[in-house]
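Source file: my_file_32.cif; contents: mmCIF, C-alpha atoms.
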```
data_data
loop_
_atom_site.group_PDB
_atom_site.id
_atom_site.type_symbol
_atom_site.label_atom_id
_atom_site.label_comp_id
_atom_site.auth_asym_id
_atom_site.auth_seq_id
_atom_site.Cartn_x
_atom_site.Cartn_y
_atom_site.Cartn_z
ATOM 1 C CA MET A 983 46.099 12.621 11.037
ATOM 2 C CA GLN A 984 44.082 15.617 12.172
ATOM 3 C CA HIS A 985 40.999 16.685 10.262
ATOM 4 C CA PRO A 986 39.461 20.120 10.309
ATOM 5 C CA GLY A 987 36.937 20.193 13.110
ATOM 6 C CA HIS A 988 38.596 17.228 14.838
ATOM 7 C CA ASP A 989 38.837 19.083 18.160
ATOM 8 C CA LEU A 990 35.171 20.044 17.938
ATOM 9 C CA ASP A 991 34.317 16.375 17.192
ATOM 10 C CA ASP A 992 36.038 15.337 20.401
ATOM 11 C CA ALA A 993 34.414 18.091 22.455
ATOM 12 C CA PRO A 994 31.918 16.794 25.041
ATOM 13 C CA PRO A 995 28.421 18.157 24.301
ATOM 14 C CA GLU A 996 26.312 19.965 26.884
ATOM 15 C CA PRO A 997 23.466 17.695 28.147
ATOM 16 C CA ALA A 998 20.772 19.490 26.105
ATOM 17 C CA ALA A 999 22.986 19.487 22.999
ATOM 18 C CA GLY A 1000 23.756 15.803 23.575
ATOM 19 C CA LEU A 1001 20.064 14.868 23.631
ATOM 20 C CA ALA A 1002 19.480 17.064 20.583
ATOM 21 C CA ILE A 1003 22.264 15.195 18.727
ATOM 22 C CA ILE A 1004 20.640 11.855 19.617
ATOM 23 C CA ALA A 1005 17.213 13.076 18.429
ATOM 24 C CA SER A 1006 18.625 14.450 15.177
ATOM 25 C CA GLN A 1007 20.559 11.242 14.369
ATOM 26 C CA GLN A 1008 17.459 9.149 15.050
ATOM 27 C CA GLU A 1009 15.530 11.376 12.675
ATOM 28 C CA ARG A 1010 18.330 11.056 10.092
ATOM 29 C CA VAL A 1011 18.116 7.245 10.239
ATOM 30 C CA ARG A 1012 14.318 7.370 10.061
ATOM 31 C CA THR A 1013 14.290 9.574 6.963
ATOM 32 C CA GLY A 1014 17.349 8.027 5.323
ATOM 33 C CA ALA A 1015 17.544 4.369 6.237
ATOM 34 C CA THR A 1016 14.050 3.114 7.098
ATOM 35 C CA VAL A 1017 10.966 2.637 4.936
ATOM 36 C CA ASP A 1018 8.502 5.558 5.034
ATOM 37 C CA GLY A 1019 5.045 4.017 5.458
ATOM 38 C CA ARG A 1020 3.397 7.321 4.499
ATOM 39 C CA LEU A 1021 4.880 7.238 0.991
ATOM 40 C CA LEU A 1022 3.888 3.603 0.455
ATOM 41 C CA PHE A 1023 0.302 4.190 1.627
ATOM 42 C CA LEU A 1024 0.033 7.299 -0.550
ATOM 43 C CA ALA A 1025 1.259 5.329 -3.569
ATOM 44 C CA TRP A 1026 -1.171 2.439 -2.933
ATOM 45 C CA GLY A 1027 -4.048 4.751 -2.032
ATOM 46 C CA ALA A 1028 -3.600 6.645 -5.312
ATOM 47 C CA ALA A 1029 -3.191 3.387 -7.279
ATOM 48 C CA TRP A 1030 -6.433 1.875 -5.912
ATOM 49 C CA LEU A 1031 -8.386 5.110 -6.157
ATOM 50 C CA ILE A 1032 -7.404 5.733 -9.784
ATOM 51 C CA GLY A 1033 -7.203 2.083 -10.905
ATOM 52 C CA TYR A 1034 -10.472 0.829 -9.380
ATOM 53 C CA GLY A 1035 -12.131 4.211 -9.948
ATOM 54 C CA GLY A 1036 -11.303 3.884 -13.648
ATOM 55 C CA LEU A 1037 -12.803 0.381 -13.793
ATOM 56 C CA TRP A 1038 -15.999 1.586 -12.139
ATOM 57 C CA LEU A 1039 -16.316 4.677 -14.339
ATOM 58 C CA ALA A 1040 -15.721 2.565 -17.452
ATOM 59 C CA THR A 1041 -18.737 0.356 -16.616
ATOM 60 C CA GLN A 1042 -21.118 3.302 -16.341
ATOM 61 C CA GLY A 1043 -23.745 3.276 -19.063
ATOM 62 C CA LEU A 1044 -22.899 -0.288 -20.130
ATOM 63 C CA ASP A 1045 -25.553 -3.012 -20.202
ATOM 64 C CA VAL A 1046 -22.990 -5.731 -19.539
ATOM 65 C CA TYR A 1047 -20.669 -4.657 -16.718
ATOM 66 C CA ARG A 1048 -17.466 -5.555 -18.489
ATOM 67 C CA PRO A 1049 -14.971 -2.668 -18.436
ATOM 68 C CA PRO A 1050 -13.177 -2.011 -21.747
ATOM 69 C CA ILE A 1051 -9.556 -3.094 -22.100
ATOM 70 C CA GLY A 1052 -8.345 0.490 -21.643
ATOM 71 C CA ALA A 1053 -9.661 0.549 -18.050
ATOM 72 C CA PHE A 1054 -7.820 -2.692 -17.280
ATOM 73 C CA VAL A 1055 -4.630 -1.251 -18.806
ATOM 74 C CA LEU A 1056 -4.975 1.834 -16.565
ATOM 75 C CA PHE A 1057 -5.581 -0.465 -13.567
ATOM 76 C CA GLY A 1058 -2.506 -2.548 -14.467
ATOM 77 C CA VAL A 1059 -0.336 0.569 -14.863
ATOM 78 C CA CYS A 1060 -1.484 1.911 -11.453
ATOM 79 C CA ILE A 1061 -0.852 -1.363 -9.609
ATOM 80 C CA SER A 1062 2.505 -2.015 -11.368
ATOM 81 C CA GLY A 1063 3.557 1.574 -10.642
ATOM 82 C CA ALA A 1064 2.800 1.120 -6.926
ATOM 83 C CA VAL A 1065 4.660 -2.237 -6.880
ATOM 84 C CA VAL A 1066 7.757 -0.734 -8.555
ATOM 85 C CA PHE A 1067 7.662 2.313 -6.247
ATOM 86 C CA THR A 1068 7.417 0.047 -3.161
ATOM 87 C CA ILE A 1069 10.356 -2.145 -4.255
ATOM 88 C CA VAL A 1070 12.617 0.787 -5.267
ATOM 89 C CA HIS A 1071 11.812 2.740 -2.079
ATOM 90 C CA ALA A 1072 12.454 -0.278 0.195
ATOM 91 C CA LEU A 1073 15.726 -1.175 -1.577
ATOM 92 C CA ARG A 1074 17.026 2.407 -1.527
ATOM 93 C CA ARG A 1075 16.222 2.929 2.145
ATOM 94 C CA SER A 1076 17.700 -0.410 3.256
ATOM 95 C CA ALA A 1077 20.857 -0.075 1.108
ATOM 96 C CA GLY A 1078 23.999 -0.914 3.084
ATOM 97 C CA VAL A 1079 22.053 -2.321 6.060
ATOM 98 C CA ARG A 1080 22.246 -6.055 6.823
ATOM 99 C CA GLY A 1081 20.893 -8.159 9.637
ATOM 100 C CA PRO A 1082 17.674 -9.493 11.142
ATOM 101 C CA SER A 1083 15.468 -6.624 9.931
ATOM 102 C CA THR A 1084 16.613 -6.871 6.282
ATOM 103 C CA THR A 1085 16.255 -10.672 6.396
ATOM 104 C CA ALA A 1086 12.707 -10.246 7.743
ATOM 105 C CA GLY A 1087 12.033 -7.623 5.041
ATOM 106 C CA ALA A 1088 13.256 -9.966 2.286
ATOM 107 C CA MET A 1089 11.151 -12.860 3.617
ATOM 108 C CA SER A 1090 8.120 -10.604 3.781
ATOM 109 C CA GLY A 1091 8.823 -9.476 0.193
ATOM 110 C CA TRP A 1092 8.895 -13.100 -0.978
ATOM 111 C CA ALA A 1093 5.642 -13.811 0.904
ATOM 112 C CA TRP A 1094 3.907 -10.965 -1.001
ATOM 113 C CA CYS A 1095 5.420 -12.118 -4.292
ATOM 114 C CA LEU A 1096 4.506 -15.791 -3.851
ATOM 115 C CA GLY A 1097 1.007 -14.865 -2.664
ATOM 116 C CA PHE A 1098 0.303 -12.944 -5.860
ATOM 117 C CA VAL A 1099 1.916 -15.569 -8.123
ATOM 118 C CA VAL A 1100 -0.390 -18.213 -6.622
ATOM 119 C CA GLN A 1101 -3.350 -15.830 -6.880
ATOM 120 C CA ALA A 1102 -2.620 -15.426 -10.598
ATOM 121 C CA ALA A 1103 -2.386 -19.208 -10.988
ATOM 122 C CA VAL A 1104 -5.755 -19.751 -9.233
ATOM 123 C CA ILE A 1105 -7.380 -17.079 -11.413
ATOM 124 C CA GLY A 1106 -5.864 -18.750 -14.494
ATOM 125 C CA GLY A 1107 -7.417 -22.000 -13.296
ATOM 126 C CA LEU A 1108 -10.837 -20.385 -12.875
ATOM 127 C CA VAL A 1109 -10.676 -18.881 -16.386
ATOM 128 C CA LYS A 1110 -9.673 -22.258 -17.813
ATOM 129 C CA ALA A 1111 -12.583 -23.891 -15.985
ATOM 130 C CA GLY A 1112 -14.948 -21.494 -17.758
ATOM 131 C CA ALA A 1113 -15.686 -19.036 -14.942
ATOM 132 C CA SER A 1114 -17.628 -15.969 -16.046
ATOM 133 C CA HIS A 1115 -16.080 -12.503 -16.222
ATOM 134 C CA GLU A 1116 -17.946 -11.537 -13.064
ATOM 135 C CA VAL A 1117 -16.753 -14.586 -11.089
ATOM 136 C CA VAL A 1118 -13.164 -13.995 -12.225
ATOM 137 C CA GLY A 1119 -13.368 -10.300 -11.290
ATOM 138 C CA ILE A 1120 -14.738 -10.951 -7.793
ATOM 139 C CA ALA A 1121 -12.350 -13.863 -7.103
ATOM 140 C CA ALA A 1122 -9.255 -11.994 -8.341
ATOM 141 C CA ASN A 1123 -10.086 -8.938 -6.302
ATOM 142 C CA GLY A 1124 -11.118 -10.860 -3.193
ATOM 143 C CA MET A 1125 -7.993 -13.037 -3.191
ATOM 144 C CA ALA A 1126 -5.671 -10.060 -3.728
ATOM 145 C CA CYS A 1127 -7.279 -8.222 -0.803
ATOM 146 C CA LEU A 1128 -7.134 -11.330 1.360
ATOM 147 C CA ILE A 1129 -3.350 -11.416 0.813
ATOM 148 C CA VAL A 1130 -2.961 -7.671 1.496
ATOM 149 C CA GLY A 1131 -5.199 -7.687 4.598
ATOM 150 C CA LEU A 1132 -3.629 -10.769 6.191
ATOM 151 C CA MET A 1133 -0.058 -9.580 5.450
ATOM 152 C CA TYR A 1134 -0.818 -6.224 7.111
ATOM 153 C CA MET A 1135 -2.392 -7.914 10.104
ATOM 154 C CA ALA A 1136 0.634 -10.216 10.502
ATOM 155 C CA ALA A 1137 3.122 -7.335 10.041
ATOM 156 C CA GLY A 1138 1.201 -5.221 12.556
ATOM 157 C CA ALA A 1139 1.179 -8.092 15.059
ATOM 158 C CA PHE A 1140 4.873 -8.969 14.744
ATOM 159 C CA ASP A 1141 6.178 -5.381 14.462
ATOM 160 C CA HIS A 1142 4.010 -4.231 17.380
ATOM 161 C CA GLN A 1143 2.182 -1.700 15.190
ATOM 162 C CA PRO A 1144 -1.525 -1.960 16.125
ATOM 163 C CA TRP A 1145 -2.547 0.658 13.531
ATOM 164 C CA LEU A 1146 -1.092 -1.541 10.732
ATOM 165 C CA PHE A 1147 -3.001 -4.511 12.131
ATOM 166 C CA TRP A 1148 -6.240 -2.489 12.030
ATOM 167 C CA LEU A 1149 -5.526 -1.302 8.482
ATOM 168 C CA GLY A 1150 -5.319 -5.000 7.556
ATOM 169 C CA VAL A 1151 -8.670 -5.581 9.248
ATOM 170 C CA TRP A 1152 -10.110 -2.666 7.240
ATOM 171 C CA VAL A 1153 -8.800 -4.089 3.938
ATOM 172 C CA LEU A 1154 -10.444 -7.449 4.727
ATOM 173 C CA VAL A 1155 -13.757 -5.784 5.656
ATOM 174 C CA VAL A 1156 -13.632 -3.743 2.423
ATOM 175 C CA ALA A 1157 -12.809 -6.873 0.403
ATOM 176 C CA GLY A 1158 -15.728 -8.731 1.962
ATOM 177 C CA ALA A 1159 -18.115 -5.841 1.274
ATOM 178 C CA ALA A 1160 -16.776 -5.344 -2.270
ATOM 179 C CA SER A 1161 -17.272 -9.043 -3.070
ATOM 180 C CA THR A 1162 -20.797 -9.049 -1.668
ATOM 181 C CA VAL A 1163 -22.100 -6.033 -3.599
ATOM 182 C CA GLY A 1164 -20.994 -7.517 -6.931
ATOM 183 C CA ILE A 1165 -19.510 -5.960 -10.062
ATOM 184 C CA PRO A 1166 -19.475 -3.064 -10.955
ATOM 185 C CA LEU A 1167 -20.070 -1.784 -7.386
ATOM 186 C CA THR A 1168 -17.102 -3.923 -6.295
ATOM 187 C CA TYR A 1169 -14.835 -1.470 -8.127
ATOM 188 C CA LEU A 1170 -16.446 1.567 -6.501
ATOM 189 C CA VAL A 1171 -16.127 0.097 -2.984
ATOM 190 C CA MET A 1172 -12.483 -0.793 -3.682
ATOM 191 C CA ALA A 1173 -11.693 2.696 -5.000
ATOM 192 C CA VAL A 1174 -13.401 4.704 -2.274
ATOM 193 C CA ALA A 1175 -13.150 2.520 0.856
ATOM 194 C CA GLY A 1176 -9.982 0.626 -0.162
ATOM 195 C CA GLY A 1177 -7.996 3.472 -1.752
ATOM 196 C CA GLY A 1178 -9.440 5.887 0.794
ATOM 197 C CA GLY A 1179 -8.402 3.503 3.596
ATOM 198 C CA PHE A 1180 -4.779 3.643 2.433
ATOM 199 C CA LEU A 1181 -4.881 7.439 2.263
ATOM 200 C CA VAL A 1182 -6.282 7.573 5.805
ATOM 201 C CA GLY A 1183 -3.489 5.115 6.760
ATOM 202 C CA ALA A 1184 -0.931 7.586 5.336
ATOM 203 C CA GLY A 1185 -2.480 10.339 7.457
ATOM 204 C CA ILE A 1186 -2.434 8.204 10.628
ATOM 205 C CA GLU A 1187 1.213 7.237 10.026
ATOM 206 C CA HIS A 1188 2.070 10.933 9.541
ATOM 207 C CA LEU A 1189 0.424 11.878 12.857
ATOM 208 C CA ARG A 1190 2.098 8.938 14.617
ATOM 209 C CA LEU A 1191 5.552 10.005 13.343
ATOM 210 C CA ARG A 1192 4.909 13.624 14.285
ATOM 211 C CA ALA A 1193 3.882 12.596 17.810
ATOM 212 C CA SER A 1194 6.954 10.375 18.323
ATOM 213 C CA LYS A 1195 9.209 13.120 16.903
ATOM 214 C CA ALA A 1196 7.692 15.659 19.332
ATOM 215 C CA GLN A 1197 8.232 13.183 22.163
ATOM 216 C CA VAL A 1198 11.940 12.758 21.275
ATOM 217 C CA GLY A 1199 12.316 16.503 20.734
ATOM 218 C CA GLY A 1200 10.659 17.143 24.083
ATOM 219 C CA THR A 1201 13.201 14.903 25.779
ATOM 220 C CA ALA A 1202 16.002 16.613 23.899
ATOM 221 C CA VAL A 1203 15.292 20.129 24.996
ATOM 222 C CA PRO A 1204 13.074 20.155 28.034
ATOM 223 C CA ALA A 1205 11.547 23.428 29.148
ATOM 224 C CA MET K 270 21.575 15.620 42.600
ATOM 225 C CA SER K 271 23.931 16.288 39.672
ATOM 226 C CA ASP K 272 26.721 13.860 40.512
ATOM 227 C CA VAL K 273 26.149 11.969 37.282
ATOM 228 C CA GLU K 274 29.092 10.370 35.468
ATOM 229 C CA LEU K 275 29.007 10.462 31.706
ATOM 230 C CA ASP K 276 30.697 7.648 29.767
ATOM 231 C CA PRO K 277 33.876 9.290 28.344
ATOM 232 C CA VAL K 278 33.888 6.974 25.304
ATOM 233 C CA ILE K 279 30.480 8.254 24.131
ATOM 234 C CA HIS K 280 30.774 11.746 25.599
ATOM 235 C CA ALA K 281 32.326 13.329 22.501
ATOM 236 C CA GLN K 282 30.173 14.878 19.770
ATOM 237 C CA ALA K 283 31.351 12.709 16.881
ATOM 238 C CA ARG K 284 31.233 9.408 18.800
ATOM 239 C CA LEU K 285 27.817 10.273 20.213
ATOM 240 C CA ARG K 286 26.574 10.811 16.651
ATOM 241 C CA VAL K 287 28.036 7.448 15.552
ATOM 242 C CA VAL K 288 26.557 5.558 18.509
ATOM 243 C CA ALA K 289 23.160 7.309 18.264
ATOM 244 C CA THR K 290 22.945 6.396 14.562
ATOM 245 C CA LEU K 291 23.879 2.756 15.161
ATOM 246 C CA ALA K 292 21.425 2.603 18.084
ATOM 247 C CA ALA K 293 18.614 3.792 15.795
ATOM 248 C CA LEU K 294 19.026 0.626 13.709
ATOM 249 C CA ALA K 295 17.158 -2.499 14.838
ATOM 250 C CA PRO K 296 19.137 -4.573 17.384
ATOM 251 C CA GLY K 297 21.461 -6.970 15.562
ATOM 252 C CA ASP K 298 21.472 -4.959 12.313
ATOM 253 C CA ARG K 299 24.779 -3.786 10.857
ATOM 254 C CA ILE K 300 25.479 -0.992 8.406
ATOM 255 C CA ALA K 301 28.126 -0.559 5.703
ATOM 256 C CA PHE K 302 30.891 1.893 6.584
ATOM 257 C CA THR K 303 30.197 4.019 3.476
ATOM 258 C CA ARG K 304 26.458 4.170 4.214
ATOM 259 C CA LEU K 305 27.119 5.227 7.813
ATOM 260 C CA GLN K 306 29.556 7.835 6.544
ATOM 261 C CA GLU K 307 26.800 9.167 4.268
ATOM 262 C CA LEU K 308 24.268 9.336 7.135
ATOM 263 C CA LEU K 309 26.790 11.112 9.373
ATOM 264 C CA GLU K 310 28.358 13.320 6.683
ATOM 265 C CA MET K 311 31.804 12.538 8.070
ATOM 266 C CA THR K 312 35.085 11.979 6.209
ATOM 267 C CA PRO K 313 36.294 8.331 6.054
ATOM 268 C CA GLY K 314 39.418 9.181 8.104
ATOM 269 C CA ASN K 315 37.463 10.953 10.808
ATOM 270 C CA LEU K 316 34.870 8.179 11.047
ATOM 271 C CA SER K 317 37.607 5.508 11.191
ATOM 272 C CA THR K 318 39.306 7.295 14.088
ATOM 273 C CA HIS K 319 36.135 7.392 16.158
ATOM 274 C CA VAL K 320 35.053 3.871 15.206
ATOM 275 C CA ARG K 321 38.451 2.566 16.393
ATOM 276 C CA LYS K 322 37.896 4.145 19.815
ATOM 277 C CA LEU K 323 34.411 2.638 20.024
ATOM 278 C CA GLU K 324 35.762 -0.735 18.874
ATOM 279 C CA ASP K 325 38.494 -0.632 21.542
ATOM 280 C CA ALA K 326 35.784 -0.080 24.166
ATOM 281 C CA GLU K 327 33.864 -3.048 22.629
ATOM 282 C CA TYR K 328 30.879 -0.797 21.923
ATOM 283 C CA VAL K 329 31.058 -1.374 18.166
ATOM 284 C CA ALA K 330 31.696 -4.631 16.295
ATOM 285 C CA VAL K 331 33.456 -4.368 12.931
ATOM 286 C CA THR K 332 32.975 -7.077 10.300
ATOM 287 C CA LYS K 333 34.951 -7.125 7.058
ATOM 288 C CA THR K 334 33.468 -8.992 4.131
ATOM 289 C CA HIS K 335 33.292 -8.870 0.317
ATOM 290 C CA LYS K 336 30.503 -7.880 -2.031
ATOM 291 C CA GLY K 337 31.681 -9.477 -5.254
ATOM 292 C CA ARG K 338 35.291 -8.368 -5.397
ATOM 293 C CA THR K 339 34.765 -5.164 -3.420
ATOM 294 C CA PRO K 340 35.663 -5.277 0.268
ATOM 295 C CA VAL K 341 32.863 -4.006 2.516
ATOM 296 C CA THR K 342 33.138 -3.118 6.200
ATOM 297 C CA TYR K 343 30.026 -3.438 8.331
ATOM 298 C CA LEU K 344 29.565 -1.808 11.729
ATOM 299 C CA ALA K 345 27.116 -2.712 14.461
ATOM 300 C CA LEU K 346 26.487 -1.661 18.015
ATOM 301 C CA THR K 347 27.291 -4.491 20.453
ATOM 302 C CA THR K 348 25.003 -5.315 23.364
ATOM 303 C CA THR K 349 27.541 -3.580 25.629
ATOM 304 C CA GLY K 350 27.453 -0.526 23.337
ATOM 305 C CA ARG K 351 23.662 -0.418 23.299
ATOM 306 C CA LEU K 352 23.504 -0.630 27.086
ATOM 307 C CA ALA K 353 26.193 2.063 27.439
ATOM 308 C CA PHE K 354 24.270 4.317 25.055
ATOM 309 C CA GLU K 355 20.998 3.859 26.962
ATOM 310 C CA ARG K 356 22.820 4.572 30.244
ATOM 311 C CA TYR K 357 24.424 7.681 28.694
ATOM 312 C CA ARG K 358 21.067 8.935 27.400
ATOM 313 C CA ARG K 359 19.454 8.426 30.822
ATOM 314 C CA SER K 360 22.340 10.288 32.460
ATOM 315 C CA LEU K 361 21.869 13.271 30.122
ATOM 316 C CA ALA K 362 18.150 13.379 30.895
ATOM 317 C CA GLU K 363 18.947 13.109 34.590
ATOM 318 C CA LEU K 364 21.391 16.024 34.369
ATOM 319 C CA LEU K 365 18.788 18.141 32.659
ATOM 320 C CA GLY K 366 15.775 17.138 34.689
ATOM 321 C CA GLY K 367 17.560 16.770 37.995
ATOM 322 C CA THR K 368 15.502 13.623 38.633
ATOM 323 C CA SER K 369 14.605 10.318 36.891
#
```
Using structure tokens, write down the structure that the file contains.
Amino acid sequence: MQHPGHDLDDAPPEPAAGLAIIASQQERVRTGATVDGRLLFLAWGAAWLIGYGGLWLATQGLDVYRPPIGAFVLFGVCISGAVVFTIVHALRRSAGVRGPSTTAGAMSGWAWCLGFVVQAAVIGGLVKAGASHEVVGIAANGMACLIVGLMYMAAGAFDHQPWLFWLGVWVLVVAGAASTVGIPLTYLVMAVAGGGGFLVGAGIEHLRLRASKAQVGGTAVPA
Amino acid sequence: MSDVELDPVIHAQARLRVVATLAALAPGDRIAFTRLQELLEMTPGNLSTHVRKLEDAEYVAVTKTHKGRTPVTYLALTTTGRLAFERYRRSLAELLGGTS
């Protein structure tokens, strides 16, 4: 059965056109079937900036640095929003693809999930043991960042993405600094250095993609 | 020197697009026929025709399975296919650059 354009489909491309086809299909897969790190870092950068920023602002002018429930609700909404966005984005982009990379992605997803479930259990244990609001706040934040930083470092190491490894290092440094300064400054450090770190990460990923695209494009149509 | 031979199986626009798309996936990964069709914007009949030619050359492996009760066909580039694609890409660059 012949389809319209069938002859054109069978036509051998000129060398430059052939390389351009390869570059354009690679770009199509990148934008349609792989996770866009820029979008995830933007989502998490915004979530930390707004969520932690809200907690810090809410403590201003208070004698006891205990943010009102509204600030925690805003924080929860920001973090949940970023989690949902990450899951939906990853599932949509990997739809219809099976194999080693999706298996690794699923295992990594379970590692994140289990890490945070255990973190919640440890925090529950601290509350039950009578830990103060400040201790709970620092421990919850520190443990969450420890998970994020180490997961990024591991992903960067195994996926051969040094910049992701260094983003993990940055998250750990920020978490250490945020825990040391104490509440409410913890929230400010997390918002500015943590959220800001993710936004810088989005920028670096954008530049990295642009450079690799230019490299492929350069090969496709050399001067 | 421009005496470069281009693999006739890949050296057709539609099959080059199919192979280039499959090569952009991580080695060992396979993609559902319908998803590939979406990424290539090709009709099912047209894609099937070209996939058959690539399968005959052992460049593409076709796996048929079920998702619930719906049959799903997955396609993946074989090691032979990946090597042929890399060779083809190098040949194109060689033709253009005259060297390398």
With 10 Å as the threshold, what does the neighbourhood of (-9.1, -13.3, 0.3) contain in terms of residues, counting all atoms listed in the file? Coordinates are those of the file; answer as a ChimeraX atom specification.
/A:1101,1121-1132,1153-1154,1157-1158,1161
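Applied to the file shown here, the PyMOL selection byres ((chain K) within 7 of (chain A)) selects K:His280, K:Ala281, K:Gln282, K:Ala283, K:Arg286, K:Ala289, K:Thr290, K:Ala293, K:Ala295, K:Gly297, K:Asp298, K:Arg299, K:Ile300, K:Ala301, K:Arg304, K:Leu308, K:Asn315, K:Leu361, K:Leu364, K:Leu365.
Between CA of Glu1187 (chain A) and CA of Gly1138 (chain A) the interatomic distance comes to 12.7 Å.
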Please enumerate the residues selected by the PyMOL selection byres ((chain A and resi 1186) around 12) when evaluated against the supplied file, formatted as a ChimeraX atom specification.
/A:1019-1020,1023-1024,1143-1146,1148-1149,1179-1185,1187-1193
Output file for the selection above: C-alpha atoms, as a tab-separated table (two decimals), in the coordinates of the input:
```
chain	number	residue	atom	x	y	z
A	1019	GLY	CA	5.04	4.02	5.46
A	1020	ARG	CA	3.40	7.32	4.50
A	1023	PHE	CA	0.30	4.19	1.63
A	1024	LEU	CA	0.03	7.30	-0.55
A	1143	GLN	CA	2.18	-1.70	15.19
A	1144	PRO	CA	-1.52	-1.96	16.12
A	1145	TRP	CA	-2.55	0.66	13.53
A	1146	LEU	CA	-1.09	-1.54	10.73
A	1148	TRP	CA	-6.24	-2.49	12.03
A	1149	LEU	CA	-5.53	-1.30	8.48
A	1179	GLY	CA	-8.40	3.50	3.60
A	1180	PHE	CA	-4.78	3.64	2.43
A	1181	LEU	CA	-4.88	7.44	2.26
A	1182	VAL	CA	-6.28	7.57	5.80
A	1183	GLY	CA	-3.49	5.12	6.76
A	1184	ALA	CA	-0.93	7.59	5.34
A	1185	GLY	CA	-2.48	10.34	7.46
A	1187	GLU	CA	1.21	7.24	10.03
A	1188	HIS	CA	2.07	10.93	9.54
A	1189	LEU	CA	0.42	11.88	12.86
A	1190	ARG	CA	2.10	8.94	14.62
A	1191	LEU	CA	5.55	10.01	13.34
A	1192	ARG	CA	4.91	13.62	14.28
A	1193	ALA	CA	3.88	12.60	17.81
```
Target residues per the PyMOL selection byres ((chain A and resi 1116) around 9), formatted as an mmCIF file with C-alpha atoms, keeping the file's coordinate frame:
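And here is the file that came out, expr01.cif:
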```
data_model
loop_
_atom_site.group_PDB
_atom_site.id
_atom_site.type_symbol
_atom_site.label_atom_id
_atom_site.label_comp_id
_atom_site.auth_asym_id
_atom_site.auth_seq_id
_atom_site.Cartn_x
_atom_site.Cartn_y
_atom_site.Cartn_z
ATOM 1 C CA TYR A 1047 -20.669 -4.657 -16.718
ATOM 2 C CA ARG A 1048 -17.466 -5.555 -18.489
ATOM 3 C CA ALA A 1113 -15.686 -19.036 -14.942
ATOM 4 C CA SER A 1114 -17.628 -15.969 -16.046
ATOM 5 C CA HIS A 1115 -16.080 -12.503 -16.222
ATOM 6 C CA VAL A 1117 -16.753 -14.586 -11.089
ATOM 7 C CA VAL A 1118 -13.164 -13.995 -12.225
ATOM 8 C CA GLY A 1119 -13.368 -10.300 -11.290
ATOM 9 C CA ILE A 1120 -14.738 -10.951 -7.793
ATOM 10 C CA ALA A 1121 -12.350 -13.863 -7.103
ATOM 11 C CA GLY A 1164 -20.994 -7.517 -6.931
ATOM 12 C CA ILE A 1165 -19.510 -5.960 -10.062
ATOM 13 C CA PRO A 1166 -19.475 -3.064 -10.955
#
```
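With distances taken over all atoms listed in the file, A:Ala1053 is the one residue among A:Ala1053, A:Val1100, A:Ala1160, A:Ala1136 lying closest to Ala1040 (chain A).
One distance worth recording is that between CA of Gln306 (chain K) and CA of Arg351 (chain K), which is 19.6 Å.
Nearest-residue note for Glu327 (chain K): choosing from K:Val341, K:Val278, K:Val287, K:Ala362, the minimum distance belongs to K:Val278, counting all atoms listed in the file.
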Atomic separation - CA of Phe1098 (chain A) relative to CA of Leu1021 (chain A), Å
21.8 Å
Since the input is missing atoms for region 1162-1171 of chain A, could you rebuild it with N, CA and C atoms and give the result as a PDB file, in the frame of the given file?
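See result_38.pdb below for the written result:
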```pdb
ATOM      1  N   THR A1162     -19.369  -8.836  -1.878  1.00  0.00           N
ATOM      2  CA  THR A1162     -20.797  -9.049  -1.668  1.00  0.00           C
ATOM      3  C   THR A1162     -21.662  -8.194  -2.592  1.00  0.00           C
ATOM      4  N   VAL A1163     -21.246  -6.928  -2.796  1.00  0.00           N
ATOM      5  CA  VAL A1163     -22.100  -6.033  -3.599  1.00  0.00           C
ATOM      6  C   VAL A1163     -22.089  -6.397  -5.081  1.00  0.00           C
ATOM      7  N   GLY A1164     -21.064  -7.083  -5.533  1.00  0.00           N
ATOM      8  CA  GLY A1164     -20.994  -7.517  -6.931  1.00  0.00           C
ATOM      9  C   GLY A1164     -20.531  -6.435  -7.888  1.00  0.00           C
ATOM     10  N   ILE A1165     -20.029  -6.881  -9.039  1.00  0.00           N
ATOM     11  CA  ILE A1165     -19.510  -5.960 -10.062  1.00  0.00           C
ATOM     12  C   ILE A1165     -20.668  -5.227 -10.731  1.00  0.00           C
ATOM     13  N   PRO A1166     -20.653  -3.929 -11.002  1.00  0.00           N
ATOM     14  CA  PRO A1166     -19.475  -3.064 -10.955  1.00  0.00           C
ATOM     15  C   PRO A1166     -19.262  -2.328  -9.620  1.00  0.00           C
ATOM     16  N   LEU A1167     -20.214  -2.517  -8.654  1.00  0.00           N
ATOM     17  CA  LEU A1167     -20.070  -1.784  -7.386  1.00  0.00           C
ATOM     18  C   LEU A1167     -18.806  -2.212  -6.634  1.00  0.00           C
ATOM     19  N   THR A1168     -18.347  -3.438  -6.898  1.00  0.00           N
ATOM     20  CA  THR A1168     -17.102  -3.923  -6.295  1.00  0.00           C
ATOM     21  C   THR A1168     -15.992  -2.893  -6.518  1.00  0.00           C
ATOM     22  N   TYR A1169     -15.906  -2.414  -7.766  1.00  0.00           N
ATOM     23  CA  TYR A1169     -14.835  -1.470  -8.127  1.00  0.00           C
ATOM     24  C   TYR A1169     -14.983  -0.147  -7.366  1.00  0.00           C
ATOM     25  N   LEU A1170     -16.221   0.296  -7.205  1.00  0.00           N
ATOM     26  CA  LEU A1170     -16.446   1.567  -6.501  1.00  0.00           C
ATOM     27  C   LEU A1170     -16.059   1.440  -5.024  1.00  0.00           C
ATOM     28  N   VAL A1171     -16.475   0.319  -4.402  1.00  0.00           N
ATOM     29  CA  VAL A1171     -16.127   0.097  -2.984  1.00  0.00           C
ATOM     30  C   VAL A1171     -14.606   0.043  -2.829  1.00  0.00           C
TER      31      VAL A1171
END
```
